[in-house]
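Notes follow the structure.
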Amino acid sequence: MKEFFIRRYRSESGQGEGRRTLIRVDDRGVITHADSNAEAVLGHDARQLIDQPITRIVAARQDDPFSSSQRHRFSSGQPVIITLRHKDGFFFTAEVALRLEEKDSDQPASAQIVMRESQSLDPRLLQLVEASGELGIWELDLHTNRVSWSEGIYNLMELRSNADITPEQALFYCQTRQTRVRALIRRCISRGQPFAITFELITSRQRIRRVRLTGRAIRSGDQIVKLGGTLVDQSREMEQEQAAHQARTLLAAIVGATPDLVAAVDTELKLLCCNEAYSRHFQKAFGRLPVVGQCLSTQLQAFPNERRLMERLWHRAFERDGFAVEMPLTSQRDNAQVYEVHYQKLNSPDGESIGAVHVARDITERIRTSGSRNYLNTHDPITGLLNRRELVKRMSRLLEQTELPSSALLYIDLDHFAKFNDSLGNGICDRYLRELANALGLKVRQRDALARLAGDTFVLLLENCSDSEARKVSRHLLELIQGFDFEWKGENLSTTASAGLLILGERLPEDPEQLLAQAADLCHTAKVAGRNRLHAASADSKALREGEARKLLAHLQHSLDNNQIQLAYQMLRPVASATWGDHIEILARLNGIEESDDWILPATFLPIAERFDLAKRLDRQVIRQTLAWLSDHILLEPRLKYCGFNLSLATVLDDSFGDFLQDALASSRFNRDCFCMEIREAHAIQYPDEVAVLCDTLHALGCRVALDGASVSSYTLAARLPVDIIKLDQALTGQLHQDPIQLVMAEAMHKIASSACKLTIATGIEHDDSLRKARALGLHFGQGYRLHKPQPLEALAPVQWDASQPGV
């Protein structure tokens with residue numbers, strides 16, 4: 001929707017004169033509002049203009065404010081002089097100023113939610129209700145942008161019927177899934193694709209409910225006119241209460257039959273029951289008897305260190321089926337007894353955690369008599385974690401496996417920890433590290449190896465752990481360290497940590513120490529970048545030596561700081577049929593470190609950019625430099641049909657990339673649909689939801705999206721992911737003339753993409769035979785050295801015609 005101020009323009013005075021009128025035009029170019037001055041300026045009564053196209057009052061097509069040429073002029077913020085047609089038939093010059101611009105789909109404030117009357121329900125919605133439980137129905141009328149709810153949804157969200165609430169306020173109750181819900185609704189509007197999503201809803205009374213939202217498009221002929229669906233409650237609170245009552249009854253019969261310390265709590269740490277042995281130990285350690293029904297955190301308020309350790313252990317029990325630890329239950333006495341403590345989660349019939357039980361057995365004498373030589377050889381004496389020797393041994397066993405599972409290595413170093421040593425001494429610091437180690441151990445899986453290397457450095461080996469899960473665990477551990485407080489004589493000790501996450505993939509060095517060195521480098525860059533942050537990269541057996549890596553890093557940073565990234569391009573050529581215009585992919589290069597050196601190619605500097613968290617900055621720099629170069633060569637505007645940029649994983653996961661791209665394209669005169677962001681197949685498989693949201697964001701900006709490196713794994717992605725172009729991986733197209741299996745797979749991928757109305761690009765075309773096969777399959781474009789070799793971007797500049805030179 002756009003709002004324009006229009007008034008007549010006097011060329012002799014060089015400015016607009018007289019009264020001005022305000023008209024509002026929607027995204028289709030139809031006038032939806034005109035004020036009372038419309039008749040004085042345009043000759044038309046305001047009511048006569050409603051629902052009329054804007055072309056009714058403009059003199060010619062080039063004067064249409066919605067044309068591409070005028071759109072760029074309005075974006076500067078200055079009034080535009082165009083020719084309009086008066087109702088009486090004569091033409092006049094007018095000054096038109098853009099007052100407001102926003103997409104019709106981005107006007108949630110004008111939408112309203114009202115209670116849906118049951119007698120007017122659409123029969124198709126009734127069928128949805130019968131199939132999904134009849135708990136609540138919603139409907140969105142696309143013509144009026146009006147949302148209606150049944151009374152069931154008001155009740156589920158604990159709102160008063162007919163409560164005054166906007167759709168944006170309703171999405172607030174969805175909490176962390178707001179972006180995904182919005183993207184699914186928009187995709188359903190644009191493609192008619194039904195959706196279903198389960199998430200936690202916070203009601204108006206701050207109660208958490210698990211709900212399932214479903215939606216589908218309702219058509220009138222071939223046009224989508226409405227969206228409708230259901231909201232189903234899946235909480236089952238009553239069943240959980242019954243399960244908790246049964247668990248308390250069972251525990252009460254068991255706790256008196258053992259000398260071990262037995263206690264049970266609910267998820268709020270309220271003591272459900274305990275036996276006599278537990279009560280005696282509690283009173284001896286803390287000077288008071290435990291009270292059933294009261295929160296253990298409250299009862300241990302005077303003992304902050306023991307309280308925090310107890311809370312972490314119980315919360316770990318709520319998350320796991322069961323685990324065991326060996327530890328003193330209190331540090332109040334020097335000769336505290338050591339217990340073997342078993343924790344077991346209590347579940348409701350549907351598997352939800354409703355509490356946990358704790359059974360502790362005194363093993364002090366057993367430890368004293370059995371000896372602990374092997375334990376001391378493998379564990380750190382201060383924290384009880386694994387030591388460096390044992391960690392390296394486990395890493396060696398992992399590297400010896402023929403098929404290495406997805407794993408990661410997290411290197412953590414505490415920030416500013418030396419100040420604790422200076423002010424409090426080693427003894428207090430050791431206690432702090434011991435408490436912190438216990439807290440970290442509660443947040444990792446039992447099969448993971450958590451070790452203390454030396455001083456304030458910890459390392460976690462995550463086996464059978466995906467890239468995304470490793471990043472999540474790493475962030476949680478850094479948040480835990482930042483929020484960890486150790487109280488000593490009325491003073492709270494706390495700090496942050498920097499970390500390096502090394503993803504263990506296919507190409508790994510044989511020496512575990514090399515992996516530790518690479519992870520330490522990542523941690524060091526996190527500290528240099530400002531501390532309290534995580535840097536992640538993939539391990540590489542061919543990683544540069546430290547000195548070479550630092551030298552290349554400094555060169556890359558200098559190139560970024562001084563806009564010295566060298567740009568090249570490679571042409572994409574039409575294969576199946578002739579297509580006019582230039583289709584290019586932008587490639588980044590670095591100047592050689594020495595003047596005599598050749599260009600440094602991405603294969604060399606991209607691992608450094610990812611390792612030192614510069615990939616996102618590099619992507620943005622390439623886009624900025626390309627747009628700046630294009631603005632200096634405006635003659636390319638009619639020729640440029642495709643300009644592709646490769647996006648790193650850091651950019652794909654960056655929520656602010658859409659805002660950056662919108663600002664970067666605001667001043668460009670090139671058509672936005674010629675710009676295409678290329679996303680790697682591996683990233684789309686690993687982060688499908690994030691990629692889908694990014695695709696919607698890029699499409700909203702008018703850009704296109706390509707799935708790069710598409711292989712057999714992309715069959716489903718090619719059909720369902722909202723991308724416009726499928727770039728077939730070189731493994732599928734490089735040997736089409738020799739490998740009949742590749743030929744079949746490439747043909748299948750092309751048919752899937754064509755059925756989904758997507759273009760296909762064959763990469764790695766290096767031979768005439770491969771080109772002929774690609775042409776026979778009907779692939780739309782080809783890319784490779786056979787078609788075009790990369791050249792400096794300056795070679796694309798159009799030839800300037802010098803009028804002073806005599807003609808031929």
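Labeling convention for the structure tokens: chains A, B, ... as they appear, residues from 1 per chain, ligands from 1 in order of appearance.
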
query: If we count only C-alpha atoms, what is near range 660-669 of chain A at a cut-off of 10 Å, once residues fewer than 4 positions away on the same chain are taken out, given as a PyMOL selection string?
result: chain A and resi 68-69+71-73+75-76+620+623-624+627-628+630-631+634+637+655-656+675+697-698+700-703

query: Skipping near chain neighbours, those fewer than 3 positions away, what residues fall within 7 Å of range 151-165 of chain A using only C-alpha atoms, listed as number ranges by chain?
result: A: 113-115, 135-137, 169-170, 203-205, 231

- request: Kindly give the distance, in Å, that separates CA of Phe645 in chain A and CA of Ser711 in chain A, rounded to a single decimal.
  value: 19.7 Å

task: Figure out the distance between CA of Ile679 in chain A and CA of Ala650 in chain A, please, to one decimal in Å.
output: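 Distance between the two atoms: 11.2 Å.
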
Backbone-only DSSP, helix (DSSP H, G or I) members of range 455-672 of chain A, as an MDAnalysis selection string: chainID A and resid 467:483 512:528 546:561 602:611 615:631 634:636 649:652 657:665 672

message: Here is a test: counting only C-alpha atoms, which residue of A:Lys419, A:Arg320, A:His342, A:Arg589 is nearest to Val622 in chain A?
response: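 Counting only C-alpha atoms, the residue closest to Val622 in chain A is A:Arg589.
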
- prompt: Looking at A:Leu453, A:Ile189, A:Leu567, A:Leu590, which one is nearest to Arg389 in chain A, with distances taken over only C-alpha atoms?
  reply: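 Residue with the minimum atom-to-atom distance to Arg389 in chain A: A:Leu453.
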
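The smallest atom-to-atom distance between Gly505 in chain A and any of A:Ala588, A:Leu404, A:Leu42, A:Ala449, using only C-alpha atoms, is found for A:Leu404.
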
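Of the residues under consideration (A:Ser36, A:Leu22, A:Asn464, A:Trp599), A:Asn464 shows the shortest atom-to-atom contact distance to Glu403 in chain A when counting only C-alpha atoms.
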
task: From a DSSP calculation on the backbone, collect every residue of range 154-231 of chain A in strand (DSSP E or B) and output the set as a PyMOL selection string.
output: chain A and resi 195-202+208-220+223-231

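By only C-alpha atoms, and with residues fewer than 2 positions from Val575 in chain A along its chain excluded, the set lying at most 7 Å from it is Arg573, Ser577, Arg775, Leu779, His780, Phe781 and Gly782 of chain A.
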
query: Which polymer residues have any atom within 10 Å of an atom of Gly455 in chain A, counting only C-alpha atoms, with same-chain residues fewer than 3 positions away left out, as a list in words?
result: Asp413, Leu414, Phe417, Ala418, Cys429, Asp430, Leu433, Arg452 and Phe458 of chain A

Prev. selection, C-alpha atoms, output as a short mmCIF file (atom, residue, chain, number, x, y, z; two decimals), in the first residue's frame:
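Generated output (result_1.cif):
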```cif
data_model
loop_
_atom_site.label_atom_id
_atom_site.label_comp_id
_atom_site.auth_asym_id
_atom_site.auth_seq_id
_atom_site.Cartn_x
_atom_site.Cartn_y
_atom_site.Cartn_z
CA ASP A 413 38.56 -21.12 28.77
CA LEU A 414 37.29 -18.94 31.63
CA PHE A 417 39.95 -16.00 36.02
CA ALA A 418 43.39 -14.79 37.10
CA CYS A 429 39.73 -20.97 43.26
CA ASP A 430 39.98 -24.74 43.52
CA LEU A 433 36.43 -24.91 39.86
CA ARG A 452 39.96 -30.28 32.74
CA PHE A 458 37.90 -27.39 30.12
#
```

- prompt: Please, what distance in Å, to one decimal, runs between CA of Ala539 in chain A and CA of Leu508 in chain A?
  reply: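 Rounded to one decimal, the two atoms are 6.3 Å apart.
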
message: At a cut-off of 10 Å, using only C-alpha atoms, what residues contact range 179-186 of chain A? Leave out same-chain residues fewer than 3 positions from it and give the result as a PyMOL selection string.
response: chain A and resi 105+140+168+171+174-176+189-199+213-217+227+689-690+692-697

Output C-alpha atoms for every residue in the selection just made, as a tab-separated table (two decimals), in the first residue's frame.
```
chain	number	residue	atom	x	y	z
A	105	SER	CA	0.61	-8.09	4.05
A	140	LEU	CA	-8.66	-15.76	7.97
A	168	GLU	CA	0.14	-9.55	16.42
A	171	LEU	CA	1.18	-14.35	17.93
A	174	CYS	CA	3.20	-18.36	20.64
A	175	GLN	CA	6.49	-17.20	22.22
A	176	THR	CA	9.54	-18.78	20.50
A	189	ILE	CA	-1.46	-17.93	1.47
A	190	SER	CA	1.01	-17.88	-1.43
A	191	ARG	CA	1.12	-21.60	-2.31
A	192	GLY	CA	-1.95	-23.12	-0.75
A	193	GLN	CA	0.27	-25.53	1.18
A	194	PRO	CA	-1.40	-26.93	4.34
A	195	PHE	CA	0.58	-26.91	7.58
A	196	ALA	CA	0.62	-28.29	11.10
A	197	ILE	CA	2.92	-27.25	13.94
A	198	THR	CA	3.12	-28.17	17.63
A	199	PHE	CA	4.45	-25.66	20.15
A	213	LEU	CA	-1.99	-25.56	15.13
A	214	THR	CA	-3.25	-26.77	11.74
A	215	GLY	CA	-4.21	-24.75	8.71
A	216	ARG	CA	-5.22	-25.13	5.07
A	217	ALA	CA	-6.26	-22.93	2.17
A	227	LEU	CA	-7.36	-19.84	5.40
A	689	ASP	CA	13.24	-24.50	9.22
A	690	GLU	CA	15.81	-21.69	9.29
A	692	ALA	CA	12.61	-21.90	4.86
A	693	VAL	CA	12.27	-18.70	6.90
A	694	LEU	CA	15.26	-17.17	5.10
A	695	CYS	CA	13.71	-18.06	1.72
A	696	ASP	CA	10.49	-16.31	2.70
A	697	THR	CA	12.49	-13.25	3.81
```

task: Write out as an MDAnalysis selection string each polymer residue whose atoms come within 12 Å of Ile761 in chain A, counting only C-alpha atoms; drop sequence neighbours fewer than 2 positions from it.
output: chainID A and resid 571:576 583:585 678 706:710 724:730 732:733 746 749:750 753:754 758:759 763:765 771 774:775 777:784

- prompt: Cys295 in chain A: which residues within 7 Å, counting only C-alpha atoms, same-chain residues fewer than 5 positions away excluded, as a list in words?
  reply: Leu269, Lys270 and Leu271 of chain A

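Using only C-alpha atoms, the nearest neighbour of Leu721 in chain A within the list A:Ala748, A:Ala94, A:Ala684, A:Val338 is A:Ala684.
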
- prompt: Quick one: of A:Ser648, A:Trp629, A:Arg704, A:Ile23, who's nearest to Asp673 in chain A, counting only C-alpha atoms?
  reply: A:Arg704
